[in-house]
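*Asks:* Take a look at the following structure, please.
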Amino acid sequence: MFVAVTTRCFADLPLAAAFERLSDLEFSAVEIMLHEGDGQLKPSQVADDFESAVAVCRKTFRLTPVAYSFETDATGEEYFRQFAACCKLAKATRVVPMVVRSSELGTPFNEEVERLQRMVAIAQLEEVVVSLLTETGRMSESPDTVTVLCNHAKGLGIALDPSYFIYGRENPPSMEPLFKHVRHVRLRDTKKDKFQVRVGQGDVEYGKLIARLERYGYKQALSIDIVPQADVDQAAELRKFRLLLESLL
């Protein structure tokens, strides 16, 4: 395992400037957020000007891209066009995990299976692994449901975010069924009543989490995903978190 960081940690900066800041903080690996709403590089831009997107993602100030996160408001065939372009970008930059969100609660199960199966098929053409983000308020909030989705969409992996199994959960479910499917991990510190708190003030047990991942042979990124907070030194928080995780590896 190794420590990475998301570009969302400096979402207020242009992508090149975010890369530079993260490199200055001695990170060596980065997860790039391809988000239509809050990303410095948007899926629609990747689809419409692919060569420019590749050039941007190769100028990373010594950071190695290790994952992409895909999120778009597009629907229908445009959704899949943008996704296919982002998968091609991943292949061009030698990245395997592509993090995607599950559908909202209430979506018919078979409809979600068909969507994920199509995404997996598109991704496999580019040797990319679709990694479904565990997230409250969506179909992936239940470990049992996620496991069933992985069984139906062969080749689907999981992007594990433990915060969603702590925040707002009176009785947190066991993450045990998920570990064998994990292809990417995102981290921040979290309490039951607050999604993000300062490093060391939350309830995430990093040592135990890493031990479980090791037991299942996970060797990929632990991606720090901290959004800037008022009155908190973002650079100091990121540095502290990086050093903490590296001390546990």
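Following the order of the structure tokens, chains are lettered A, B, ..., residues in each are numbered from 1, and ligands are numbered from 1.
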Can you check which residues of region 146-190 of chain A DSSP gives as alpha helix (DSSP H) on the backbone and send them as a PyMOL selection string?
*Replies:* chain A and resi 146-152
*Asks:* Contacts of Thr107 (chain A) at 12 Å or less, counting only C-alpha atoms, minus same-chain residues fewer than 6 places along, as an mmCIF file with N, CA and C atoms, in the first residue's frame?
*Replies:*
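Writing the result to selection-v9.cif gives the following:
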```cif
data_model
loop_
_atom_site.group_PDB
_atom_site.id
_atom_site.type_symbol
_atom_site.label_atom_id
_atom_site.label_comp_id
_atom_site.auth_asym_id
_atom_site.auth_seq_id
_atom_site.Cartn_x
_atom_site.Cartn_y
_atom_site.Cartn_z
ATOM 1 N N VAL A 113 -27.887 -2.755 -12.076
ATOM 2 C CA VAL A 113 -27.010 -3.836 -12.536
ATOM 3 C C VAL A 113 -26.660 -3.655 -14.007
ATOM 4 N N GLU A 114 -27.653 -3.334 -14.818
ATOM 5 C CA GLU A 114 -27.414 -3.147 -16.255
ATOM 6 C C GLU A 114 -26.482 -1.963 -16.511
ATOM 7 N N ARG A 115 -26.664 -0.880 -15.759
ATOM 8 C CA ARG A 115 -25.780 0.282 -15.919
ATOM 9 C C ARG A 115 -24.343 -0.082 -15.579
ATOM 10 N N GLY A 137 -26.884 7.116 1.344
ATOM 11 C CA GLY A 137 -27.912 7.748 0.540
ATOM 12 C C GLY A 137 -27.990 7.219 -0.875
ATOM 13 N N ARG A 138 -27.124 6.252 -1.189
ATOM 14 C CA ARG A 138 -27.122 5.622 -2.506
ATOM 15 C C ARG A 138 -27.151 4.110 -2.340
ATOM 16 N N MET A 139 -27.282 3.406 -3.447
ATOM 17 C CA MET A 139 -27.432 1.961 -3.367
ATOM 18 C C MET A 139 -26.222 1.278 -2.751
ATOM 19 N N SER A 140 -25.104 1.969 -2.742
ATOM 20 C CA SER A 140 -23.880 1.380 -2.181
ATOM 21 C C SER A 140 -23.737 1.613 -0.680
#
```
*Asks:* Give me, as JSON, numbers by chain, all polymer residues having an atom no more than 7 Å from Val199 (chain A), counting only C-alpha atoms and skipping those fewer than 6 positions away in the same chain.
*Replies:* {"A": [189, 237, 241]}
*Asks:* Excluding Thr93 (chain A) and any residue of its chain fewer than 4 positions from it, enumerate the residues within 10 Å of it, using only C-alpha atoms, and give them as a PyMOL selection string.
*Replies:* chain A and resi 54-55+57-58+64-67+87-89
*Asks:* Find, counting only C-alpha atoms, the residue in A:Val182, A:Ala84, A:Glu126, A:Cys150 that gets nearest to Arg215 (chain A).
*Replies:*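 Among A:Val182, A:Ala84, A:Glu126, A:Cys150, it is A:Val182 that comes nearest to Arg215 (chain A).
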*Asks:* Here is a test: counting only C-alpha atoms, which residue of A:Lys42, A:Arg101, A:His184, A:Lys59 is nearest to Gln82 (chain A)?
*Replies:*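 Result for the nearest residue to Gln82 (chain A): A:Lys42.
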